[in-house]
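**Q** Below you will find the structure I want to go over with you.
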Amino acid sequence: MTGTQLQLERVAAALYQGNAGLAIVEMETYLAAYPQQQTTERLNGIKTEYELMVDYWRRGVNDPQLDQLYQHILQRVYVLYANVASYSHLHSYPTLTGIYNRVRAEHHDRSLSDIRQEMEDFVSGVAMLELEPEHTRQEKSDTLYKEHQTQMSNLFSYILTSRMWTEGVGNDFEEILLSPTIDNIDQQLLVSAVTLSLLNQYDIVKFRVLMNVYRRSQEETVRQRALVGWVLALNEKMREIYPEQEQMVLSLLSSEKVCEELTELQMQLVYCLNAERDTHTIQQEIMPDLLKNNSFKIGPFSIEEQEDDPMEDILHPEASEQRMEKLEASFGRMMDMQKQGSDIYFGGFSQMKRFPFFYDISNWLVPFYMQHPDIAHFIRRVESNKFVRNMVEKSPFCNSDKYSFVIAFQQVIERIPENLREMLDRGEASMGGDLPEEEIQASAFIRRAYLMDLYRFYRLYPSRHEFQNPFDVSRHELGTCEFFSAWLFKGSPLEPYKDKIVRLLKRQKLERSALNLLDSYSEDHRNVQYYIWSGMYEKALELEPHNEKALQGNARELFDAGLYEEAAEVYDDLLLLHPEKTNYLLNKSVCLVNLKDYEEALKLLYKLNYENPEDDRVNRVLAWTHLCSGNIEQADKIYKKLMGVEKPLAEDLQNYGYCCWFSGKVDEAADSFRKYLSLLGSKDSLLSLFDTAFLRERGISDTQIKLMEALVSS
């Protein structure tokens, strides 16, 4: 971190504490080291007002507006700091510096009214194209869309690199984003620009704009982008500076629909962060089967049909059918992942983000439209191709991937075999499955596709390190994407929806995030399920003495603590609920073995073995009980059966080694111990191989243990 950044961090720390006086002092220190005349003049004006306020307060003047005045001064210092920090950040990175300088050099004299007029003129111009003669319509359309795309790209860059907005600028942009006379695609793109700018440097005006657009827009695509934007921008550090942030959010939570959308968004963010893991699953487990069992050879820029082996039908008549079954199973598994919320296309399309199309930063987040100047010519060429139309109109792809698909398809279409091309023209193939119109227009689908666009930008854009990445999980399990535990949601109408998120986090093995969310539960919401998830089983049992999950957790906890007698008693309670449940009987048996009550343990195990003779879980515990009780011969018979499988369990190998050792078969014991170590891949000391207390109780001396260690290691 540079000296500039360190000093700005000190200013920020004072602001986050709500200490306006200290923030002014730290800002003066910064400006002494890095002079900025205009900023210094503004700071001096704020400081004069602050000192005047302090002077009246010290003289005991009762000012009813004191709190309000102090808050106003604190916010003015923040705006001053944020402008300096934003400018410093923008000019610390080459890409952002280039964007900042270019758009301001080209459009320094354009007002917001000029910008709005240009956007409205575009909508009028598109409508007027219908009146143009056919022979000139296409040329005028291309010119119109090309000029507009350049204008919107520049406006995107201008907003992205903008400093703090005034209330007037915020109101003007809000009206642009809500106006029915502005193109919907333009509004979506501008919402994304505001979001990226807001994430790089918090601005309450931009935050309010996104909140109001989410609340007031009639366009679902615009609403959902605004929702994602303000949620990712929620900043707990702003609590002292802008308490209205909390008030704005809470005012929305009176709506059940808003609570449901926030819950869906939180779940989608969790799935979004799994994209890398899902990609690994697809590449390592699913794609090999798909490639092995299809009849085409796919290259970087070609697809060739492979000829069938004429001997295959004679030698292996069932092979073709089996291959098709495996292909369908692999594809079905991938579709199941998609239905559960996985981003199954990230891995494939991540290789297609190096096209020149993505050199323009706005193209990463622009909604897909067929008139986009970079693809319009090709789209007209394949206008009758049903495969292409289905892929861009009915597929589950996000906007970014649709552009990638069209550009990549443009490069391979001439190399596709004629019969396959005809099949594609007829629409007899699809990569993602055609989705019904109502699903594509649903808010959940719109939101998920947009999250995929954002994720691709923050993961794949070449200069992504210049942006504050909400998907960064280097410090926290879910980064800033886990927003349900935010302070402002505690005790709010969103509280009852937290259970659903905890269940998802538990399923995804995100235990730290689950505990973090549980910590945010209000006292009123701490029910039985809360105490079970938190591992406070005794508390849960106070509320529900016969809750099965609480009893299970309590028994496991007691067992792990070595309190076998107490654990056995809890298993008795569980057996009252389910007398024939094998797991509970087995666990009670293990407790009895640890209490050395072998006789009672064997009674339970003989019964279980009689009822479930092929259940290896029962056989495993029975063998161990025989071994512990000194019935070596009976234990040996069962362990030999357990050793008969292709891949014996590690614990069986270890215990069979004990069994052989106790019966005098030293070499066989050593061999079993070696297999056990090999299975574990353990590089630890051999001392960890044996339970020495267990061995000593059964007459194995320390000398014999050392001899066995040497034999195993040899």
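Residue names in the structure tokens use chain letters A, B, ... in the order shown, residue numbers from 1 in each chain, and ligand numbers from 1 in the order shown.
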Can you tell me which residues surround segment 379-392 of chain A at a distance of at most 12 Å, considering only C-alpha atoms, apart from same-chain residues fewer than 2 positions away, and format the answer as a ChimeraX atom specification?
**A** /A:138,142,367-377,394-410,413-414,420-437,440
**Q** List the neighbours of Ala650 of chain A out to 8 Å using only C-alpha atoms; skip same-chain residues closer than 3 positions along the sequence, and give me the result as an NGL selection string.
**A** :A and (653-654 or 676 or 679-680)
**Q** Might you pull out every residue within 8 Å of Leu80 of chain A, with only C-alpha atoms counted and same-chain residues fewer than 2 positions away left off, and present them as a ChimeraX atom specification?
**A** /A:39,42-43,76-78,82-84
**Q** Under the rule that only C-alpha atoms are counted, which of A:Ile182, A:Leu8, A:Leu129, A:Leu144 is the nearest residue to Ile24 of chain A?
**A**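 The shortest atom-to-atom distance to Ile24 of chain A comes from A:Leu8.
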**Q** Leaving out Val222 of chain A and any residue of its chain fewer than 6 positions from it, which residues lie within 10 Å of it when counting only C-alpha atoms, given as a ChimeraX atom specification?
**A** /A:177-178,184-192,210,213-214,446-447
**Q** Excluding Glu599 of chain A and its own-chain neighbours fewer than 3 positions away, which residues fall within 12 Å of it when counting only C-alpha atoms? Please give them as a ChimeraX atom specification.
**A** /A:589,592-593,595-596,602-606,622,625-626,628-631
**Q** When you draw a straight line from atom CA of Gln7 of chain A to atom CA of Glu28 of chain A, how long is it in Å?
**A**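 Interatomic distance, atom CA of Gln7 of chain A to atom CA of Glu28 of chain A: 10.3 Å.
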